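Novice: Structure supplied as model.cif; contents: mmCIF, C-alpha atoms.
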```
data_query
loop_
_atom_site.group_PDB
_atom_site.id
_atom_site.type_symbol
_atom_site.label_atom_id
_atom_site.label_comp_id
_atom_site.auth_asym_id
_atom_site.auth_seq_id
_atom_site.Cartn_x
_atom_site.Cartn_y
_atom_site.Cartn_z
ATOM 1 C CA MET A 25 -12.847 -9.701 -9.321
ATOM 2 C CA SER A 26 -9.797 -10.717 -11.357
ATOM 3 C CA ASP A 27 -9.765 -7.999 -14.007
ATOM 4 C CA ILE A 28 -9.730 -4.495 -12.548
ATOM 5 C CA ASP A 29 -7.972 -2.771 -15.434
ATOM 6 C CA GLY A 30 -9.686 0.570 -15.905
ATOM 7 C CA MET A 31 -11.025 0.642 -12.330
ATOM 8 C CA GLY A 32 -10.892 4.000 -10.606
ATOM 9 C CA THR A 33 -12.539 7.367 -10.103
ATOM 10 C CA VAL A 34 -12.921 10.548 -12.125
ATOM 11 C CA ARG A 35 -9.243 11.388 -11.633
ATOM 12 C CA ALA A 36 -7.736 7.938 -11.142
ATOM 13 C CA ARG A 37 -7.434 5.060 -13.575
ATOM 14 C CA CYS A 38 -5.884 1.702 -12.749
ATOM 15 C CA VAL A 39 -3.657 -0.275 -15.110
ATOM 16 C CA LEU A 40 -3.147 -3.760 -13.694
ATOM 17 C CA ALA A 41 0.352 -5.252 -13.846
ATOM 18 C CA PRO A 42 0.512 -8.903 -14.983
ATOM 19 C CA ASN A 43 2.152 -10.163 -11.783
ATOM 20 C CA PRO A 44 -0.584 -12.078 -9.911
ATOM 21 C CA SER A 45 0.475 -14.187 -6.939
ATOM 22 C CA PRO A 46 -0.713 -15.065 -3.424
ATOM 23 C CA MET A 47 1.162 -11.969 -2.227
ATOM 24 C CA THR A 48 0.139 -9.534 -4.980
ATOM 25 C CA LEU A 49 -3.460 -10.796 -5.421
ATOM 26 C CA ASP A 50 -4.585 -9.973 -9.005
ATOM 27 C CA GLY A 51 -1.360 -8.021 -9.595
ATOM 28 C CA THR A 52 -0.030 -4.572 -8.783
ATOM 29 C CA ASN A 53 -2.311 -1.608 -9.379
ATOM 30 C CA THR A 54 -0.512 1.165 -11.246
ATOM 31 C CA TRP A 55 -2.518 4.372 -10.871
ATOM 32 C CA ILE A 56 -2.744 7.114 -13.491
ATOM 33 C CA LEU A 57 -3.941 10.341 -11.862
ATOM 34 C CA ALA A 58 -4.942 13.474 -13.753
ATOM 35 C CA GLU A 59 -7.318 16.404 -13.491
ATOM 36 C CA PRO A 60 -9.942 16.344 -16.277
ATOM 37 C CA GLY A 61 -8.657 18.412 -19.182
ATOM 38 C CA SER A 62 -5.068 18.439 -17.945
ATOM 39 C CA GLU A 63 -2.169 17.631 -20.251
ATOM 40 C CA GLN A 64 -0.131 16.094 -17.409
ATOM 41 C CA ALA A 65 -0.546 12.940 -15.341
ATOM 42 C CA ILE A 66 0.921 11.578 -12.130
ATOM 43 C CA ILE A 67 1.778 7.887 -11.980
ATOM 44 C CA VAL A 68 1.590 6.160 -8.612
ATOM 45 C CA ASP A 69 3.544 2.877 -8.408
ATOM 46 C CA PRO A 70 4.754 2.020 -11.940
ATOM 47 C CA GLY A 71 5.014 -1.578 -10.782
ATOM 48 C CA PRO A 72 7.518 -4.379 -11.403
ATOM 49 C CA GLU A 73 10.329 -4.376 -13.943
ATOM 50 C CA ASP A 74 8.061 -5.582 -16.733
ATOM 51 C CA GLY A 75 8.696 -3.775 -20.009
ATOM 52 C CA ALA A 76 5.346 -4.611 -21.578
ATOM 53 C CA HIS A 77 3.442 -3.291 -18.549
ATOM 54 C CA LEU A 78 5.534 -0.135 -18.301
ATOM 55 C CA ARG A 79 5.078 0.637 -22.003
ATOM 56 C CA ARG A 80 1.360 -0.023 -21.668
ATOM 57 C CA VAL A 81 1.120 2.610 -18.923
ATOM 58 C CA VAL A 82 3.029 5.116 -21.061
ATOM 59 C CA ASP A 83 0.771 4.340 -24.025
ATOM 60 C CA THR A 84 -2.355 4.695 -21.886
ATOM 61 C CA VAL A 85 -1.267 8.145 -20.734
ATOM 62 C CA ALA A 86 -0.472 9.153 -24.321
ATOM 63 C CA GLY A 87 -3.853 7.817 -25.416
ATOM 64 C CA GLN A 88 -5.445 10.230 -22.950
ATOM 65 C CA GLY A 89 -3.651 13.077 -24.702
ATOM 66 C CA ARG A 90 -1.334 13.565 -21.758
ATOM 67 C CA ARG A 91 2.282 13.197 -20.732
ATOM 68 C CA VAL A 92 3.727 11.896 -17.471
ATOM 69 C CA GLY A 93 4.756 14.821 -15.282
ATOM 70 C CA LEU A 94 5.628 12.985 -12.066
ATOM 71 C CA VAL A 95 6.007 9.502 -10.573
ATOM 72 C CA LEU A 96 5.176 8.773 -6.926
ATOM 73 C CA LEU A 97 5.841 5.594 -4.924
ATOM 74 C CA THR A 98 3.696 4.398 -2.043
ATOM 75 C CA HIS A 99 6.700 2.336 -0.883
ATOM 76 C CA GLY A 100 9.779 0.657 -2.235
ATOM 77 C CA HIS A 101 8.785 -3.008 -2.531
ATOM 78 C CA PRO A 102 9.793 -4.401 -5.951
ATOM 79 C CA ASP A 103 6.258 -5.148 -7.123
ATOM 80 C CA HIS A 104 5.502 -1.416 -6.814
ATOM 81 C CA ALA A 105 8.835 0.280 -7.435
ATOM 82 C CA ALA A 106 11.280 -1.957 -9.326
ATOM 83 C CA GLY A 107 10.135 -0.625 -12.707
ATOM 84 C CA ALA A 108 10.209 3.047 -11.716
ATOM 85 C CA LYS A 109 13.530 4.017 -13.285
ATOM 86 C CA THR A 110 12.825 2.167 -16.518
ATOM 87 C CA PHE A 111 9.380 3.719 -16.605
ATOM 88 C CA ALA A 112 10.819 7.199 -16.115
ATOM 89 C CA ARG A 113 13.156 6.664 -19.058
ATOM 90 C CA LEU A 114 10.257 5.526 -21.253
ATOM 91 C CA ALA A 115 8.078 8.424 -20.108
ATOM 92 C CA GLY A 116 10.510 11.282 -20.762
ATOM 93 C CA ASP A 117 12.460 11.311 -17.491
ATOM 94 C CA PRO A 118 9.972 12.690 -14.958
ATOM 95 C CA ALA A 119 11.112 12.801 -11.335
ATOM 96 C CA VAL A 120 10.410 9.751 -9.170
ATOM 97 C CA ARG A 121 9.545 10.822 -5.642
ATOM 98 C CA ALA A 122 9.420 8.533 -2.612
ATOM 99 C CA LEU A 123 9.883 8.674 1.136
ATOM 100 C CA ASP A 124 12.990 6.463 0.996
ATOM 101 C CA PRO A 125 15.870 8.235 -0.832
ATOM 102 C CA ARG A 126 17.019 4.910 -2.295
ATOM 103 C CA HIS A 127 13.993 4.798 -4.564
ATOM 104 C CA ARG A 128 14.017 8.389 -5.810
ATOM 105 C CA LEU A 129 15.041 9.656 -9.203
ATOM 106 C CA GLY A 130 15.857 13.285 -8.526
ATOM 107 C CA ASP A 131 16.600 15.154 -5.329
ATOM 108 C CA GLU A 132 13.100 15.746 -4.030
ATOM 109 C CA GLY A 133 11.416 13.342 -1.630
ATOM 110 C CA LEU A 134 7.988 13.258 -0.022
ATOM 111 C CA VAL A 135 7.011 14.382 3.467
ATOM 112 C CA GLU A 136 3.973 14.147 5.705
ATOM 113 C CA GLY A 137 1.422 16.852 5.054
ATOM 114 C CA GLU A 138 2.856 17.896 1.711
ATOM 115 C CA VAL A 139 0.383 18.978 -0.941
ATOM 116 C CA ILE A 140 1.396 18.022 -4.476
ATOM 117 C CA GLY A 141 -0.103 19.937 -7.360
ATOM 118 C CA LEU A 142 0.205 19.122 -11.046
ATOM 119 C CA GLY A 143 -2.012 20.263 -13.895
ATOM 120 C CA GLY A 144 -4.726 21.283 -11.460
ATOM 121 C CA LEU A 145 -4.687 17.950 -9.621
ATOM 122 C CA GLU A 146 -4.117 18.103 -5.858
ATOM 123 C CA LEU A 147 -2.731 15.250 -3.728
ATOM 124 C CA HIS A 148 -2.037 15.227 0.002
ATOM 125 C CA VAL A 149 0.782 13.047 1.388
ATOM 126 C CA LEU A 150 0.097 10.872 4.447
ATOM 127 C CA GLU A 151 2.842 8.858 6.119
ATOM 128 C CA THR A 152 1.365 5.449 6.976
ATOM 129 C CA PRO A 153 4.222 3.182 8.137
ATOM 130 C CA GLY A 154 3.704 -0.416 9.179
ATOM 131 C CA HIS A 155 3.469 -2.562 6.073
ATOM 132 C CA SER A 156 6.925 -1.102 5.486
ATOM 133 C CA ASP A 157 8.780 1.711 7.197
ATOM 134 C CA ASP A 158 8.501 3.898 4.084
ATOM 135 C CA SER A 159 4.791 3.387 3.339
ATOM 136 C CA LEU A 160 2.788 6.407 2.193
ATOM 137 C CA SER A 161 -0.852 7.040 1.298
ATOM 138 C CA PHE A 162 -2.200 9.798 -0.954
ATOM 139 C CA TRP A 163 -5.479 11.677 -0.529
ATOM 140 C CA ILE A 164 -7.278 12.968 -3.622
ATOM 141 C CA PRO A 165 -9.698 15.519 -2.143
ATOM 142 C CA ALA A 166 -11.543 16.168 -5.412
ATOM 143 C CA ASP A 167 -12.453 12.462 -5.664
ATOM 144 C CA SER A 168 -12.759 11.855 -1.896
ATOM 145 C CA ALA A 169 -10.415 8.899 -2.418
ATOM 146 C CA ILE A 170 -7.334 7.573 -0.609
ATOM 147 C CA LEU A 171 -4.592 5.642 -2.394
ATOM 148 C CA THR A 172 -3.283 3.271 0.271
ATOM 149 C CA GLY A 173 -0.564 1.216 -1.429
ATOM 150 C CA ASP A 174 -0.275 -1.991 0.621
ATOM 151 C CA THR A 175 -1.465 -0.454 3.885
ATOM 152 C CA VAL A 176 -5.019 -1.499 2.957
ATOM 153 C CA LEU A 177 -5.685 -4.008 0.169
ATOM 154 C CA GLY A 178 -8.784 -4.554 -1.938
ATOM 155 C CA TYR A 179 -9.403 -7.884 -0.221
ATOM 156 C CA GLY A 180 -7.642 -9.965 2.396
ATOM 157 C CA THR A 181 -5.095 -8.388 4.725
ATOM 158 C CA THR A 182 -1.541 -7.197 4.353
ATOM 159 C CA ILE A 183 1.808 -8.285 5.757
ATOM 160 C CA VAL A 184 3.430 -6.144 8.441
ATOM 161 C CA GLU A 185 7.179 -5.890 7.848
ATOM 162 C CA GLY A 186 7.629 -2.731 9.929
ATOM 163 C CA ARG A 187 6.532 -2.154 13.527
ATOM 164 C CA LEU A 188 3.041 -3.354 14.418
ATOM 165 C CA GLY A 189 2.562 -0.358 16.704
ATOM 166 C CA ASP A 190 3.233 1.922 13.734
ATOM 167 C CA TYR A 191 0.813 -0.057 11.576
ATOM 168 C CA LEU A 192 -1.997 0.094 14.138
ATOM 169 C CA ASP A 193 -1.389 3.824 14.517
ATOM 170 C CA SER A 194 -1.548 4.206 10.717
ATOM 171 C CA LEU A 195 -4.862 2.347 10.539
ATOM 172 C CA ASP A 196 -6.297 4.423 13.383
ATOM 173 C CA ARG A 197 -5.114 7.576 11.703
ATOM 174 C CA LEU A 198 -6.509 6.602 8.314
ATOM 175 C CA ARG A 199 -9.856 5.776 9.884
ATOM 176 C CA GLU A 200 -10.007 9.115 11.666
ATOM 177 C CA PHE A 201 -8.913 10.921 8.521
ATOM 178 C CA ALA A 202 -11.444 9.066 6.357
ATOM 179 C CA ALA A 203 -14.256 9.930 8.752
ATOM 180 C CA GLU A 204 -13.332 13.595 9.054
ATOM 181 C CA ALA A 205 -12.646 14.073 5.339
ATOM 182 C CA GLY A 206 -15.678 12.136 4.154
ATOM 183 C CA ALA A 207 -13.668 9.594 2.173
ATOM 184 C CA GLU A 208 -15.775 7.666 -0.318
ATOM 185 C CA ALA A 209 -13.222 5.237 -1.761
ATOM 186 C CA ILE A 210 -9.969 3.452 -1.053
ATOM 187 C CA LEU A 211 -7.773 2.836 -4.098
ATOM 188 C CA PRO A 212 -5.452 0.016 -2.990
ATOM 189 C CA GLY A 213 -2.128 -1.218 -4.277
ATOM 190 C CA HIS A 214 -3.669 -4.636 -4.979
ATOM 191 C CA GLY A 215 -7.258 -5.708 -5.452
ATOM 192 C CA PRO A 216 -10.437 -3.799 -6.302
ATOM 193 C CA LYS A 217 -11.548 -0.349 -5.203
ATOM 194 C CA LEU A 218 -13.243 -0.247 -1.795
ATOM 195 C CA ASP A 219 -16.363 1.898 -1.614
ATOM 196 C CA ASP A 220 -16.708 1.735 2.190
ATOM 197 C CA PRO A 221 -13.454 3.124 3.623
ATOM 198 C CA ILE A 222 -14.681 3.192 7.222
ATOM 199 C CA GLY A 223 -15.927 -0.383 7.028
ATOM 200 C CA ALA A 224 -12.666 -1.562 5.465
ATOM 201 C CA LEU A 225 -10.540 0.160 8.099
ATOM 202 C CA ASP A 226 -12.720 -1.150 10.933
ATOM 203 C CA TYR A 227 -12.271 -4.651 9.516
ATOM 204 C CA TYR A 228 -8.492 -4.215 9.343
ATOM 205 C CA LEU A 229 -8.297 -2.918 12.910
ATOM 206 C CA GLY A 230 -10.518 -5.722 14.197
ATOM 207 C CA HIS A 231 -8.541 -8.349 12.310
ATOM 208 C CA ARG A 232 -5.240 -7.083 13.703
ATOM 209 C CA ARG A 233 -6.533 -7.109 17.272
ATOM 210 C CA GLU A 234 -7.906 -10.625 16.781
ATOM 211 C CA ARG A 235 -4.612 -11.892 15.348
ATOM 212 C CA LEU A 236 -2.674 -10.244 18.177
ATOM 213 C CA ALA A 237 -4.854 -12.032 20.745
ATOM 214 C CA GLN A 238 -4.285 -15.316 18.899
ATOM 215 C CA VAL A 239 -0.514 -14.793 18.893
ATOM 216 C CA GLU A 240 -0.568 -13.957 22.592
ATOM 217 C CA ALA A 241 -2.554 -17.141 23.281
ATOM 218 C CA ALA A 242 -0.115 -19.210 21.202
ATOM 219 C CA VAL A 243 2.812 -17.865 23.217
ATOM 220 C CA ALA A 244 0.975 -18.627 26.458
ATOM 221 C CA ALA A 245 0.437 -22.171 25.172
ATOM 222 C CA GLY A 246 4.161 -22.658 24.638
ATOM 223 C CA ALA A 247 4.979 -21.363 21.145
ATOM 224 C CA ARG A 248 8.356 -19.647 21.201
ATOM 225 C CA THR A 249 9.464 -18.981 17.635
ATOM 226 C CA PRO A 250 7.599 -17.143 14.868
ATOM 227 C CA ARG A 251 7.316 -20.446 12.992
ATOM 228 C CA GLU A 252 5.737 -22.168 15.990
ATOM 229 C CA VAL A 253 3.258 -19.326 16.337
ATOM 230 C CA VAL A 254 2.403 -19.477 12.623
ATOM 231 C CA GLU A 255 1.780 -23.228 12.855
ATOM 232 C CA ARG A 256 -0.823 -22.583 15.557
ATOM 233 C CA VAL A 257 -2.389 -19.295 14.473
ATOM 234 C CA TYR A 258 -2.267 -19.766 10.685
ATOM 235 C CA ALA A 259 -3.103 -23.478 10.612
ATOM 236 C CA ASP A 260 -6.020 -22.773 8.260
ATOM 237 C CA VAL A 261 -3.857 -20.768 5.826
ATOM 238 C CA ASP A 262 -2.120 -22.308 2.807
ATOM 239 C CA THR A 263 1.388 -23.261 3.887
ATOM 240 C CA SER A 264 2.826 -21.443 0.860
ATOM 241 C CA LEU A 265 1.903 -18.229 2.692
ATOM 242 C CA TRP A 266 3.491 -19.198 6.002
ATOM 243 C CA PRO A 267 6.878 -17.580 5.280
ATOM 244 C CA ALA A 268 5.089 -14.266 4.670
ATOM 245 C CA ALA A 269 2.952 -14.790 7.775
ATOM 246 C CA GLU A 270 6.150 -15.104 9.810
ATOM 247 C CA TRP A 271 6.938 -11.457 8.995
ATOM 248 C CA SER A 272 3.682 -10.363 10.589
ATOM 249 C CA VAL A 273 4.182 -12.690 13.552
ATOM 250 C CA LYS A 274 7.660 -11.266 14.166
ATOM 251 C CA ALA A 275 6.130 -7.784 14.255
ATOM 252 C CA GLN A 276 3.405 -8.961 16.629
ATOM 253 C CA LEU A 277 5.868 -10.659 18.980
ATOM 254 C CA GLU A 278 8.002 -7.516 19.072
ATOM 255 C CA TYR A 279 4.885 -5.453 19.795
ATOM 256 C CA LEU A 280 3.967 -7.735 22.717
ATOM 257 C CA ARG A 281 7.521 -7.550 24.122
ATOM 258 C CA GLU A 282 7.480 -3.747 23.904
ATOM 259 C CA ARG A 283 4.054 -3.576 25.495
ATOM 260 C CA ASP A 284 5.064 -5.898 28.347
ATOM 261 C CA ALA A 285 8.315 -3.986 28.930
ATOM 262 C CA ALA A 286 6.310 -0.779 29.205
ATOM 263 C CA GLY A 287 3.927 -2.408 31.669
ATOM 264 C CA GLY A 288 0.987 -2.269 29.229
#
```
Would you mind writing the file's structure down as structure tokens?
Specialist:
Amino acid sequence: MSDIDGMGTVRARCVLAPNPSPMTLDGTNTWILAEPGSEQAIIVDPGPEDGAHLRRVVDTVAGQGRRVGLVLLTHGHPDHAAGAKTFARLAGDPAVRALDPRHRLGDEGLVEGEVIGLGGLELHVLETPGHSDDSLSFWIPADSAILTGDTVLGYGTTIVEGRLGDYLDSLDRLREFAAEAGAEAILPGHGPKLDDPIGALDYYLGHRRERLAQVEAAVAAGARTPREVVERVYADVDTSLWPAAEWSVKAQLEYLRERDAAGG
């Protein structure tokens, strides 16, 4: 599905940024969140520094008869966060809140377990490190939906730039949370909505374990550098994606070293 503009739930609408690439899939999903009847909206991930896209999001909110009351970032990668300050200026200077202080506009950050309320809308903050150290997810209980940023994508798998152990823990936690909370949808940072959260998370966990076994086998066969591992494990992947794959391999090699040092 290449055009997901307008995708979402009762309280979440997606505006797709025009930045498609092998890394961003169809482009970055900017999410407009609002309680029905509310005059205020929350924007999650304004997206890249693209003036036309940022103005389009502002215009979409205005077309709903609302104003932007708050901006939240799932993480600080440029395709999600680079346009945040420009967007805030266009939208009347709402606060930009993020886990990493470097990406905030205002003094207030975000913390695990926090409940954010605006115009009757309720969001719960979940720390889900792994894709990046500052990755967050947001639970919308009224829609039974989880916004996952790049922790879970609409198709394919994500790059791990943080610690693999943290990422596996985040996936396990999200799966447990989704099961206990009765999650009905994942709203990703790229790609289409997922209507089977448990299935998607099981796939991600299985894929990571499979890749880890492949990396371990490559090392046993003599691969020593991340590049050498990529050449063996990702031989069927377009070589344009190999530099990104090296990030994940570095995380996997570090995970294996830590596991071996601990006697695991």
Novice: Since I can't run it myself right now, could you work out what the PyMOL selection byres ((chain A and resi 191) around 12) selects here and report it as a PyMOL selection string?
Specialist: chain A and resi 151-160+174-176+182-190+192-198+225+228-229+232-233+272+275-276+279
Novice: Check what the PyMOL selection byres ((chain A and resi 68) around 7) selects in the file above and give those residues as a list in words.
Specialist: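 Selection result, ordered by chain and number: Thr54, Trp55, Ile56, Ile66, Ile67, Asp69, Pro70, Val95, Leu96 and Leu97 of chain A.
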Novice: Suppose we keep C-alpha atoms; can you now write the selection as a short mmCIF file (atom, residue, chain, number, x, y, z; two decimals), in the frame of the given file?
Specialist:
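After the write, out.cif holds the following:
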```cif
data_model
loop_
_atom_site.label_atom_id
_atom_site.label_comp_id
_atom_site.auth_asym_id
_atom_site.auth_seq_id
_atom_site.Cartn_x
_atom_site.Cartn_y
_atom_site.Cartn_z
CA THR A 54 -0.51 1.16 -11.25
CA TRP A 55 -2.52 4.37 -10.87
CA ILE A 56 -2.74 7.11 -13.49
CA ILE A 66 0.92 11.58 -12.13
CA ILE A 67 1.78 7.89 -11.98
CA ASP A 69 3.54 2.88 -8.41
CA PRO A 70 4.75 2.02 -11.94
CA VAL A 95 6.01 9.50 -10.57
CA LEU A 96 5.18 8.77 -6.93
CA LEU A 97 5.84 5.59 -4.92
#
```
Novice: Please report the interatomic distance between atom CA of A:Asn53 and atom CA of A:Ala122 in Å with one decimal.
Specialist: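 Atom CA of A:Asn53 sits 16.9 Å away from atom CA of A:Ala122.
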Novice: Find, counting all atoms listed in the file, the residue in A:Phe162, A:Arg235, A:Pro118, A:Leu78 that gets nearest to A:Gly137.
Specialist: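 Of the candidates, the smallest distance to A:Gly137 is held by A:Phe162.
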Novice: Work out how far atom CA of A:Asn43 is from atom CA of A:Ser161, in Å to one decimal.
Specialist: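 Separation between atom CA of A:Ser161 and atom CA of A:Asn43: 21.8 Å.
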Novice: My list of candidates is A:Arg251, A:His99, A:Arg91, A:Lys217. Which is closest to A:Thr263 when distances are computed with only C-alpha atoms?
Specialist: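 Among A:Arg251, A:His99, A:Arg91, A:Lys217, it is A:Arg251 that comes nearest to A:Thr263.
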